[in-house]
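*Asks:* Before I ask anything, let me first share the structure, which is written out below as structure tokens.
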Amino acid sequence: MARLSLRDIKKRFKTTDVLHGIDLEIGDREFVVFVGPSGCGKSTLLRLIAGLDPISGGDFFLNDQRMNDVPPSRRGIAMVFQSYALYPHMDVYENMAFGARLMGLTKDEVEKRIADAARMLRLEALLKRKPRELSGGQRQRVAIGRALVRKPEVFLLDEPLSNLDAALRSEVRLEIAKLHRDIGGTMIYVTHDQVEAMTLADKIVVMNAGRIEQVGSPRELYETPANTFVATFIGSPRMTLVDVTRDGEKLAVANGGSIATGALPAGDTFKLGLRPDAVKLHRGHAGDGLTAQVVYTEYLGDNAYVYSRLADGTLVSARTGPNDIYAPDEAVTVTVEPGSAHYFSAEDGRRLTP
Amino acid sequence: MSATATNYYDRKGLFATLGRDGMLQIILIANTVLMLAPIIIMVFSAFKTTPEIFKSPFGIPDFAQVANFVKIWSETNFLRYLLNSFIVTGASMVLILTLGTMAAYAIGRYAFTGSNFILMFFLAGLTLPLKLAIIPLFMLMRDLSILNNQLSLIFVYTAMGLPTTIFIMTGFIRSLPNELEDAARMDGASEARIMWAIMLPLVRPAMVIAGIQNVVPIWNDFFFPLVFIQNDSLKTLPQGLTTFMGEYTTDWGVLFSGLTLSAAPIILIYIVLSKQFIAGMTSGAVK
């Protein structure tokens, strides 16, 4: 059992406020991903949960026990570091045994736990190797093994895949997902990569500038982003935001035509959010829609993304079939799949519902 | 005229012929010769009588002629001096490395008010020639009644060695990844254990550098023993060997054999420890 409860957590480094009051509940066995751009405070928050940095304000509870002043090793939390932080002078076995021994376990228990972890992570053949004799992926597994051996209630993973190459990354991502199913602990995972967040998480916490922008399942974040930050951060290519004004039942772009997008929210001006799959392109400037000019096409094999510029200068990305080839500067008309557009307030960027 | 000029410009320079690495090799070889020549002459002279040394200073001696070594052995307290040198140097090195590493660890790892001042304080020690303070030091040792006592030497050498040691170690410790410490802290290690079990093995290369940096001048020091030590049974090697340096006559052969014997341990230590430089201890810690 591990339920984490963060109440109004603040962090200040000298005079700089890094976290401005974080409220968050994390349930037992949840896989939670903190995601956000660099410097948004996600790693700082992780270090506060780990106990590596003191909390400047607010309370952190683990299973209803206040943890603010409990030293890291007594919190029942283990952490996998971005650089792995393996002890370079110890072999793999010693790396895993170091923490287990300090927990006061018997020799047999330490050996048993290491054997279990090594089997689960396929490290048996590497136990006598030093970290420098391991590949990146192997080091990664040792770092996870070191955390496993302590049998923590909560696992913290700080950008664990950022040092791996792309091919290995998706492989280890699968392994981490499998690991979470097998051992069932609560996992908190920090990344700036929204693909990792979308594929791994039960619950994503989108952070920006020391605040939580939105908490929700990957589907919730993708389908109902709470504001323009989340809308543009989740999803690739990113959502296009267009400034529009209401024109009867349609939406007009400055000197660029108007489109029907289905039911509209109240108000006269707002931001229209378009995901690439909501956008339809038609050749030539004709009929209903926004006039645009193709800028370039990204061909990805099974589909293609076409970027075109609207009359007001906004770049719109549209997903097309791999055989729909558009030449640069070709004139196109943009329409929107009815009901698939998002609307945000022009003032504060919050989501508006029709 | 123009043909010769072209030829002159076409001719490859030394640098082009040998390349950068070739030039480096030549410089390194020349340097090696310069460095080794005095040592070789010292060893050669150890096997010669004084007239032979002056007659053919660079000649290869008869290595079977060990009269000089016998004389050292029989006419001086060589073993006693050697032991004294070991005691003084050993104790100083233990103190320097222990205190230096602890101080450097604190300065390098913990952010506390005044840490920079303390570092500056130690670094200021680098700029002070301790020999200038010999008279106050003498009075200090007299008042502590440790004149004619090896403690006086050990204290002075420790004070002399700490600035360089702290300078070298602080820089090195600061370069070690913070995440290692965090990992150990998550594993439940105490601050003392983090230093002992995690950091100390990693700073060993720096300790060796600091050690070599300090051991040579301490082992070879002549000045402080000359001032502080009068008792023959407490003399260190460089001091003891001056027995053969008279006001009017000097037995150069015996002196050189004594020097050879006294240099031998330090050269051995150097050879053994230099392997430590090469071992890249931190490789594999972080990517």
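If you're wondering about the labels, chains in the structure tokens are A, B, ... by order shown, residues count from 1 in each chain, ligands from 1 in order shown.
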Given a cut-off of 6 Å, which residues of chain A touch chain B, counting only C-alpha atoms, written out as JSON, numbers by chain?
*Replies:* {"A": [72, 73, 83, 85, 86, 88, 99, 131, 132]}
*Asks:* Can you list every residue in stretch 25-268 of chain B that DSSP puts in helix (DSSP H, G or I), as a VMD selection string?
*Replies:* chain B and resid 25 to 46 50 to 55 67 to 75 78 to 109 115 to 127 130 to 143 150 to 175 178 to 186 191 to 220 223 to 228 232 to 234 237 to 244 252 to 268
*Asks:* What parts of stretch 6-236 of chain A does DSSP call strand (DSSP E or B)? I'd like the answer as number ranges by chain.
*Replies:* A: 6-13, 16-26, 31-35, 57-62, 65-66, 77-80, 154-158, 186-191, 203-208, 211-216, 227
*Asks:* Could the residues in this selection be saved with C-alpha atoms as an mmCIF file, in the first residue's frame?
*Replies:*
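New file result_31.cif:
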```cif
data_model
loop_
_atom_site.group_PDB
_atom_site.id
_atom_site.type_symbol
_atom_site.label_atom_id
_atom_site.label_comp_id
_atom_site.auth_asym_id
_atom_site.auth_seq_id
_atom_site.Cartn_x
_atom_site.Cartn_y
_atom_site.Cartn_z
ATOM 1 C CA LEU A 6 1.048 16.343 -1.593
ATOM 2 C CA ARG A 7 -0.572 19.392 -0.027
ATOM 3 C CA ASP A 8 0.473 22.852 -1.101
ATOM 4 C CA ILE A 9 4.103 21.785 -1.586
ATOM 5 C CA LYS A 10 6.440 24.725 -2.130
ATOM 6 C CA LYS A 11 10.124 24.837 -2.901
ATOM 7 C CA ARG A 12 12.330 27.869 -2.759
ATOM 8 C CA PHE A 13 16.038 28.007 -3.647
ATOM 9 C CA THR A 16 13.768 31.835 -6.377
ATOM 10 C CA ASP A 17 10.429 30.077 -6.054
ATOM 11 C CA VAL A 18 10.603 26.846 -7.994
ATOM 12 C CA LEU A 19 7.357 25.194 -6.959
ATOM 13 C CA HIS A 20 4.327 27.339 -6.157
ATOM 14 C CA GLY A 21 2.064 25.120 -4.121
ATOM 15 C CA ILE A 22 1.596 21.660 -5.599
ATOM 16 C CA ASP A 23 -1.526 19.696 -4.615
ATOM 17 C CA LEU A 24 -1.604 16.119 -5.801
ATOM 18 C CA GLU A 25 -3.016 12.770 -4.737
ATOM 19 C CA ILE A 26 -1.378 9.590 -5.978
ATOM 20 C CA PHE A 31 1.894 4.764 -12.553
ATOM 21 C CA VAL A 32 2.138 8.529 -12.484
ATOM 22 C CA VAL A 33 4.215 10.510 -14.952
ATOM 23 C CA PHE A 34 5.333 14.070 -14.301
ATOM 24 C CA VAL A 35 5.828 15.718 -17.644
ATOM 25 C CA GLY A 57 6.383 24.729 2.543
ATOM 26 C CA GLY A 58 3.364 22.418 2.613
ATOM 27 C CA ASP A 59 3.013 18.799 3.690
ATOM 28 C CA PHE A 60 3.862 15.498 2.107
ATOM 29 C CA PHE A 61 2.032 12.438 3.402
ATOM 30 C CA LEU A 62 2.778 8.830 2.575
ATOM 31 C CA GLN A 65 2.090 9.727 7.697
ATOM 32 C CA ARG A 66 3.765 13.105 7.400
ATOM 33 C CA ILE A 77 11.058 5.033 -1.473
ATOM 34 C CA ALA A 78 13.690 4.040 -4.023
ATOM 35 C CA MET A 79 14.923 6.148 -6.880
ATOM 36 C CA VAL A 80 16.444 5.475 -10.274
ATOM 37 C CA VAL A 154 7.250 3.808 -4.159
ATOM 38 C CA PHE A 155 9.603 3.914 -7.129
ATOM 39 C CA LEU A 156 10.848 7.221 -8.407
ATOM 40 C CA LEU A 157 12.344 7.314 -11.881
ATOM 41 C CA ASP A 158 14.045 10.499 -13.022
ATOM 42 C CA THR A 186 3.485 2.917 -6.985
ATOM 43 C CA MET A 187 5.696 4.479 -9.627
ATOM 44 C CA ILE A 188 6.436 8.114 -10.233
ATOM 45 C CA TYR A 189 8.217 8.788 -13.461
ATOM 46 C CA VAL A 190 9.648 12.081 -14.615
ATOM 47 C CA THR A 191 10.166 12.842 -18.278
ATOM 48 C CA LYS A 203 -2.102 9.340 -14.756
ATOM 49 C CA ILE A 204 -0.150 12.202 -16.243
ATOM 50 C CA VAL A 205 0.714 15.330 -14.315
ATOM 51 C CA VAL A 206 1.516 18.145 -16.733
ATOM 52 C CA MET A 207 3.687 20.765 -15.097
ATOM 53 C CA ASN A 208 4.754 24.191 -16.221
ATOM 54 C CA ARG A 211 2.628 24.686 -11.243
ATOM 55 C CA ILE A 212 0.443 21.758 -12.206
ATOM 56 C CA GLU A 213 -1.440 22.541 -15.400
ATOM 57 C CA GLN A 214 -3.560 19.417 -15.504
ATOM 58 C CA VAL A 215 -3.785 15.952 -14.015
ATOM 59 C CA GLY A 216 -5.510 13.173 -15.874
ATOM 60 C CA ASN A 227 -5.729 24.873 -21.378
#
```
*Asks:* Considering only C-alpha atoms, return as a ChimeraX atom specification whatever protein or nucleic-acid residues lie within 10 Å of stretch 232-246 of chain A, sequence-local ones (same chain, fewer than 3 positions apart) excluded.
*Replies:* /A:35-37,192-195,197-198,206,218,221-223,225,227-229,249-254,258-259,264-279,305,310,312-319,342-346
*Asks:* Got a sec: who's within 12 Å of B:Gly161, counting only C-alpha atoms, leaving out chain neighbours fewer than 6 positions off, as a PDB file with N, CA and C atoms, in the first residue's frame?
*Replies:*
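Contents of the output file out-v2.pdb:
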```
ATOM      1  N   THR B  89      58.143  10.918   7.471  1.00  0.00           N
ATOM      2  CA  THR B  89      57.391  11.053   6.224  1.00  0.00           C
ATOM      3  C   THR B  89      56.060  10.326   6.318  1.00  0.00           C
ATOM      4  N   SER B  92      53.600  12.167   8.587  1.00  0.00           N
ATOM      5  CA  SER B  92      53.138  13.401   7.950  1.00  0.00           C
ATOM      6  C   SER B  92      52.138  13.090   6.845  1.00  0.00           C
ATOM      7  N   MET B  93      52.454  12.074   6.036  1.00  0.00           N
ATOM      8  CA  MET B  93      51.560  11.758   4.918  1.00  0.00           C
ATOM      9  C   MET B  93      50.200  11.293   5.416  1.00  0.00           C
ATOM     10  N   VAL B  94      50.202  10.468   6.470  1.00  0.00           N
ATOM     11  CA  VAL B  94      48.922  10.000   7.011  1.00  0.00           C
ATOM     12  C   VAL B  94      48.096  11.201   7.461  1.00  0.00           C
ATOM     13  N   LEU B  95      48.754  12.106   8.196  1.00  0.00           N
ATOM     14  CA  LEU B  95      48.032  13.288   8.683  1.00  0.00           C
ATOM     15  C   LEU B  95      47.550  14.157   7.524  1.00  0.00           C
ATOM     16  N   ILE B  96      48.447  14.402   6.568  1.00  0.00           N
ATOM     17  CA  ILE B  96      48.085  15.279   5.444  1.00  0.00           C
ATOM     18  C   ILE B  96      46.902  14.716   4.682  1.00  0.00           C
ATOM     19  N   LEU B  97      46.975  13.412   4.353  1.00  0.00           N
ATOM     20  CA  LEU B  97      45.918  12.846   3.519  1.00  0.00           C
ATOM     21  C   LEU B  97      44.611  12.726   4.288  1.00  0.00           C
ATOM     22  N   THR B  98      44.685  12.348   5.572  1.00  0.00           N
ATOM     23  CA  THR B  98      43.443  12.226   6.345  1.00  0.00           C
ATOM     24  C   THR B  98      42.792  13.588   6.516  1.00  0.00           C
ATOM     25  N   LEU B  99      43.558  14.521   7.079  1.00  0.00           N
ATOM     26  CA  LEU B  99      42.982  15.843   7.339  1.00  0.00           C
ATOM     27  C   LEU B  99      42.621  16.532   6.033  1.00  0.00           C
ATOM     28  N   GLY B 100      43.506  16.431   5.050  1.00  0.00           N
ATOM     29  CA  GLY B 100      43.270  17.104   3.770  1.00  0.00           C
ATOM     30  C   GLY B 100      42.017  16.598   3.085  1.00  0.00           C
ATOM     31  N   THR B 101      41.837  15.264   3.066  1.00  0.00           N
ATOM     32  CA  THR B 101      40.661  14.709   2.399  1.00  0.00           C
ATOM     33  C   THR B 101      39.391  15.120   3.127  1.00  0.00           C
ATOM     34  N   PHE B 122      43.205  28.219   3.079  1.00  0.00           N
ATOM     35  CA  PHE B 122      44.175  27.161   2.794  1.00  0.00           C
ATOM     36  C   PHE B 122      45.018  27.516   1.568  1.00  0.00           C
ATOM     37  N   LEU B 123      44.347  28.074   0.550  1.00  0.00           N
ATOM     38  CA  LEU B 123      45.090  28.399  -0.665  1.00  0.00           C
ATOM     39  C   LEU B 123      46.134  29.478  -0.388  1.00  0.00           C
ATOM     40  N   GLY B 125      47.920  29.568   2.025  1.00  0.00           N
ATOM     41  CA  GLY B 125      49.078  28.821   2.513  1.00  0.00           C
ATOM     42  C   GLY B 125      50.023  28.424   1.396  1.00  0.00           C
ATOM     43  N   LEU B 126      49.466  28.284   0.159  1.00  0.00           N
ATOM     44  CA  LEU B 126      50.316  27.926  -0.980  1.00  0.00           C
ATOM     45  C   LEU B 126      51.343  29.017  -1.261  1.00  0.00           C
ATOM     46  N   LEU B 128      52.703  31.098   0.903  1.00  0.00           N
ATOM     47  CA  LEU B 128      53.601  31.452   2.011  1.00  0.00           C
ATOM     48  C   LEU B 128      54.813  30.540   2.039  1.00  0.00           C
ATOM     49  N   LEU B 130      57.177  28.785   4.071  1.00  0.00           N
ATOM     50  CA  LEU B 130      57.200  28.491   5.507  1.00  0.00           C
ATOM     51  C   LEU B 130      58.580  28.755   6.107  1.00  0.00           C
ATOM     52  N   ILE B 154      56.908  16.589  12.017  1.00  0.00           N
ATOM     53  CA  ILE B 154      55.630  16.102  11.507  1.00  0.00           C
ATOM     54  C   ILE B 154      54.623  17.242  11.443  1.00  0.00           C
ATOM     55  N   PHE B 155      54.586  18.073  12.485  1.00  0.00           N
ATOM     56  CA  PHE B 155      53.642  19.194  12.489  1.00  0.00           C
ATOM     57  C   PHE B 155      53.922  20.164  11.340  1.00  0.00           C
ATOM     58  N   PHE B 167      43.765  21.817  -2.085  1.00  0.00           N
ATOM     59  CA  PHE B 167      43.552  22.411  -3.398  1.00  0.00           C
ATOM     60  C   PHE B 167      43.244  21.326  -4.432  1.00  0.00           C
ATOM     61  N   ILE B 168      44.080  20.296  -4.463  1.00  0.00           N
ATOM     62  CA  ILE B 168      43.890  19.222  -5.446  1.00  0.00           C
ATOM     63  C   ILE B 168      42.601  18.457  -5.168  1.00  0.00           C
ATOM     64  N   ALA B 210      48.101  13.976  -4.805  1.00  0.00           N
ATOM     65  CA  ALA B 210      48.444  14.811  -3.654  1.00  0.00           C
ATOM     66  C   ALA B 210      49.564  14.164  -2.860  1.00  0.00           C
ATOM     67  N   GLY B 211      49.528  12.851  -2.755  1.00  0.00           N
ATOM     68  CA  GLY B 211      50.551  12.133  -1.994  1.00  0.00           C
ATOM     69  C   GLY B 211      51.922  12.306  -2.607  1.00  0.00           C
ATOM     70  N   ILE B 212      52.012  12.064  -3.919  1.00  0.00           N
ATOM     71  CA  ILE B 212      53.314  12.172  -4.584  1.00  0.00           C
ATOM     72  C   ILE B 212      53.825  13.607  -4.519  1.00  0.00           C
ATOM     73  N   GLN B 213      52.885  14.516  -4.706  1.00  0.00           N
ATOM     74  CA  GLN B 213      53.224  15.935  -4.640  1.00  0.00           C
ATOM     75  C   GLN B 213      53.897  16.282  -3.311  1.00  0.00           C
ATOM     76  N   ASN B 214      53.461  15.615  -2.239  1.00  0.00           N
ATOM     77  CA  ASN B 214      53.960  15.964  -0.913  1.00  0.00           C
ATOM     78  C   ASN B 214      55.096  15.082  -0.438  1.00  0.00           C
ATOM     79  N   VAL B 215      55.101  13.829  -0.858  1.00  0.00           N
ATOM     80  CA  VAL B 215      56.045  12.892  -0.243  1.00  0.00           C
ATOM     81  C   VAL B 215      57.482  13.230  -0.637  1.00  0.00           C
ATOM     82  N   VAL B 216      57.684  13.697  -1.859  1.00  0.00           N
ATOM     83  CA  VAL B 216      59.054  13.935  -2.319  1.00  0.00           C
ATOM     84  C   VAL B 216      59.732  15.067  -1.532  1.00  0.00           C
ATOM     85  N   PRO B 217      59.105  16.255  -1.460  1.00  0.00           N
ATOM     86  CA  PRO B 217      59.764  17.311  -0.683  1.00  0.00           C
ATOM     87  C   PRO B 217      59.941  16.960   0.793  1.00  0.00           C
ATOM     88  N   ILE B 218      59.001  16.212   1.354  1.00  0.00           N
ATOM     89  CA  ILE B 218      59.141  15.885   2.782  1.00  0.00           C
ATOM     90  C   ILE B 218      60.298  14.912   2.983  1.00  0.00           C
TER      91      ILE B 218
END
```
*Asks:* Could you check which of B:Ile229, B:Met245, B:Met169, B:Ile135 is closest to B:Asn149, using only C-alpha atoms?
*Replies:*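 Selected residue with least distance to B:Asn149: B:Ile229.
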*Asks:* List as a list in words the protein and nucleic acid residues near B:Ile134, meaning an atom at most 10 Å away when only C-alpha atoms are counted, but skip any in the same chain fewer than 5 places from it.
*Replies:*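 The residues that qualify are Pro129, Met139, Leu140, Phe223, Phe224, Val227 and Phe228 of chain B.
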*Asks:* Any idea what the distance is between atom CA of A:Arg309 and atom CA of A:Ala331?
*Replies:*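 Those two atoms sit 9.8 Å apart.
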*Asks:* Do a neighbour search on A:Thr261 at 7 Å with only C-alpha atoms, toss out local chain neighbours closer than 3 positions, and write the hits as a PyMOL selection string.
*Replies:* chain A and resi 336-339+341
*Asks:* Could you save those same residues with C-alpha atoms as a CSV table (one decimal), in the first residue's frame?
*Replies:*
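Final file, out_31.csv:
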```
chain,number,residue,atom,x,y,z
A,336,VAL,CA,-12.2,21.0,-40.0
A,337,GLU,CA,-13.9,17.7,-39.1
A,338,PRO,CA,-17.1,18.8,-37.3
A,339,GLY,CA,-16.9,18.3,-33.6
A,341,ALA,CA,-12.0,21.1,-32.7
```
*Asks:* Rounded to one decimal place, report the atom CA of A:Gly104-atom CA of A:Arg146 distance in Å.
*Replies:*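 One can read the atom CA of A:Gly104 to atom CA of A:Arg146 distance as 15.6 Å.
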*Asks:* Could you check which of B:Ser257, B:Ser262, B:Asn148, B:Ser274 is closest to B:Thr49, using only C-alpha atoms?
*Replies:*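 Of all the options, B:Ser257 lies closest to B:Thr49.
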*Asks:* To one decimal place, how far is atom CA of B:Thr242 from atom CA of B:Ser152 in Å?
*Replies:*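 Atom CA of B:Ser152 lies 20.7 Å from atom CA of B:Thr242.
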